[in-house]
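Student: coords_38.txt is reproduced below (compact mmCIF, C-alpha atoms).
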```txt
# COMPACT_ATOMS: atom_id res chain seq x y z
CA MET A 1 23.70 0.28 11.46
CA CYS A 2 20.86 1.79 13.48
CA ASN A 3 17.53 2.48 11.79
CA ALA A 4 18.57 0.62 8.65
CA ASP A 5 14.90 -0.02 7.91
CA ILE A 6 14.13 3.69 7.75
CA ARG A 7 17.19 4.44 5.64
CA ALA A 8 16.36 1.62 3.22
CA GLU A 9 12.70 2.62 2.96
CA ALA A 10 13.63 6.24 2.24
CA LYS A 11 16.19 5.21 -0.36
CA GLN A 12 13.80 2.82 -2.08
CA ALA A 13 11.10 5.51 -2.20
CA GLY A 14 13.56 8.11 -3.48
CA VAL A 15 13.01 10.34 -0.46
CA PHE A 16 15.93 12.37 0.85
CA LEU A 17 16.64 12.78 4.56
CA TYR A 18 16.40 16.56 4.27
CA ALA A 19 12.80 16.22 3.08
CA ILE A 20 11.94 14.00 6.04
CA ALA A 21 13.66 16.44 8.38
CA ASP A 22 11.68 19.32 6.91
CA LYS A 23 8.37 17.53 7.55
CA LEU A 24 9.49 16.70 11.11
CA GLY A 25 10.44 20.31 11.70
CA VAL A 26 14.11 19.62 12.38
CA SER A 27 17.31 20.39 10.51
CA GLU A 28 19.05 17.87 8.29
CA PRO A 29 21.98 17.47 10.72
CA THR A 30 19.51 16.82 13.54
CA MET A 31 17.79 14.18 11.41
CA THR A 32 21.12 12.49 10.78
CA ARG A 33 21.88 12.53 14.50
CA LEU A 34 18.45 11.06 15.31
CA LEU A 35 19.20 8.09 13.06
CA ARG A 36 22.48 7.31 14.82
CA ARG A 37 20.65 5.51 17.62
CA GLU A 38 17.76 3.10 17.27
CA LEU A 39 14.50 5.03 17.47
CA PRO A 40 11.44 4.01 19.47
CA THR A 41 8.70 2.22 17.54
CA GLU A 42 6.31 5.18 17.61
CA LYS A 43 8.92 7.56 16.18
CA LYS A 44 9.73 5.03 13.44
CA LYS A 45 6.04 4.82 12.55
CA GLN A 46 5.88 8.60 12.32
CA ILE A 47 8.93 8.78 10.06
CA LYS A 48 7.72 5.92 7.85
CA GLY A 49 4.41 7.74 7.47
CA ILE A 50 6.28 10.86 6.40
CA ILE A 51 8.29 8.84 3.87
CA ALA A 52 5.07 7.43 2.39
CA GLU A 53 3.53 10.92 2.28
CA ILE A 54 6.52 12.46 0.50
CA ALA A 55 6.73 9.54 -1.95
CA ALA A 56 3.03 9.95 -2.79
CA GLU A 57 3.54 13.68 -3.37
CA GLN A 58 6.46 12.94 -5.68
CA ARG A 59 4.42 10.41 -7.66
CA THR A 60 1.61 12.94 -8.02
CA GLU A 61 4.04 15.62 -9.22
CA ASN A 62 5.64 13.23 -11.71
CA SER A 63 2.31 12.05 -13.12
CA ALA A 64 1.20 15.67 -13.61
CA LYS A 65 4.16 16.35 -15.91
```
Would you write out, as structure tokens, the structure that this file holds?

Tutor:
Amino acid sequence: MCNADIRAEAKQAGVFLYAIADKLGVSEPTMTRLLRRELPTEKKKQIKGIIAEIAAEQRTENSAK
């Protein structure tokens, strides 16, 4: 499976693909299509950064409750 590292990282962090797509400024179907083929290293870094950002936001929201 292409981009298994991104999918696994998102799943482990509890981040949904639609949230990543929103931060990238693309639709959820477009995000799914992007992940069908192996992404360049720079794009992977960008997406992994977004995953970390969303996960941190979720932790902050959960700790505020």

Student: Check the smallest atom-to-atom distance from each of A:Ala55, A:Arg33, A:Val26, A:Ala21 to Glu9 of chain A using all atoms listed in the file, then report the winner.

Tutor: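 For Glu9 of chain A, the nearest of the given residues is A:Ala55.
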
Student: Give me the residues near segment 38-52 of chain A as a ChimeraX atom specification, where near means some atom within 7 Å (using all atoms listed in the file) and where sequence neighbours in that chain fewer than 6 positions away do not count.

Tutor: /A:2-3,6,10,15,20

Student: Generate a file of the selected residues that holds C-alpha atoms, formatted as a short mmCIF file (atom, residue, chain, number, x, y, z; two decimals), keeping the file's coordinate frame.

Tutor:
```cif
data_model
loop_
_atom_site.label_atom_id
_atom_site.label_comp_id
_atom_site.auth_asym_id
_atom_site.auth_seq_id
_atom_site.Cartn_x
_atom_site.Cartn_y
_atom_site.Cartn_z
CA CYS A 2 20.86 1.79 13.48
CA ASN A 3 17.53 2.48 11.79
CA ILE A 6 14.13 3.69 7.75
CA ALA A 10 13.63 6.24 2.24
CA VAL A 15 13.01 10.34 -0.46
CA ILE A 20 11.94 14.00 6.04
#
```

Student: Restricting the calculation to all atoms listed in the file, which member of A:Thr32, A:Ser63, A:Glu57, A:Lys23 is positioned closest to Arg7 of chain A?

Tutor: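 Comparing A:Thr32, A:Ser63, A:Glu57, A:Lys23 against Arg7 of chain A, the winner is A:Thr32.
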
Student: Quick one: distance from atom CA of Asn62 of chain A to atom CA of Thr30 of chain A in Å, one decimal?

Tutor: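 Calculated distance between atom CA of Asn62 of chain A and atom CA of Thr30 of chain A is 29.0 Å.
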
Student: Atom CA of Glu61 of chain A to atom CA of Leu34 of chain A: how many Å, to one decimal?

Tutor: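 Result for atom CA of Glu61 of chain A versus atom CA of Leu34 of chain A: 28.8 Å, one decimal.
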
Student: Just to confirm, what's the straight-line distance from atom CA of Pro29 of chain A to atom CA of Arg59 of chain A in Å (one decimal)?

Tutor: 26.4 Å

Student: Give, as JSON, the centre coordinates and the x, y and z edge lengths in Å to one decimal for an axis-aligned box around all listed atoms of segment 7-19 of chain A, padded by 8 Å on each side.

Tutor:
```
{"center_x": 14.1, "center_y": 9.1, "center_z": 1.1, "size_x": 22.1, "size_y": 30.9, "size_z": 25.1}
```

Student: Using only C-alpha atoms, find the one residue out of A:Glu53, A:Ala19, A:Leu24, A:Leu35 that sits nearest to Asp5 of chain A.

Tutor: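 Smallest distance to Asp5 of chain A is found for A:Leu35.
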
Student: Have a look at A:Met1, A:Gln12, A:Gln58, A:Leu17 and name the one nearest to Arg37 of chain A; count all atoms listed in the file.

Tutor: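 Checking each candidate against Arg37 of chain A, we get A:Met1 as the closest.
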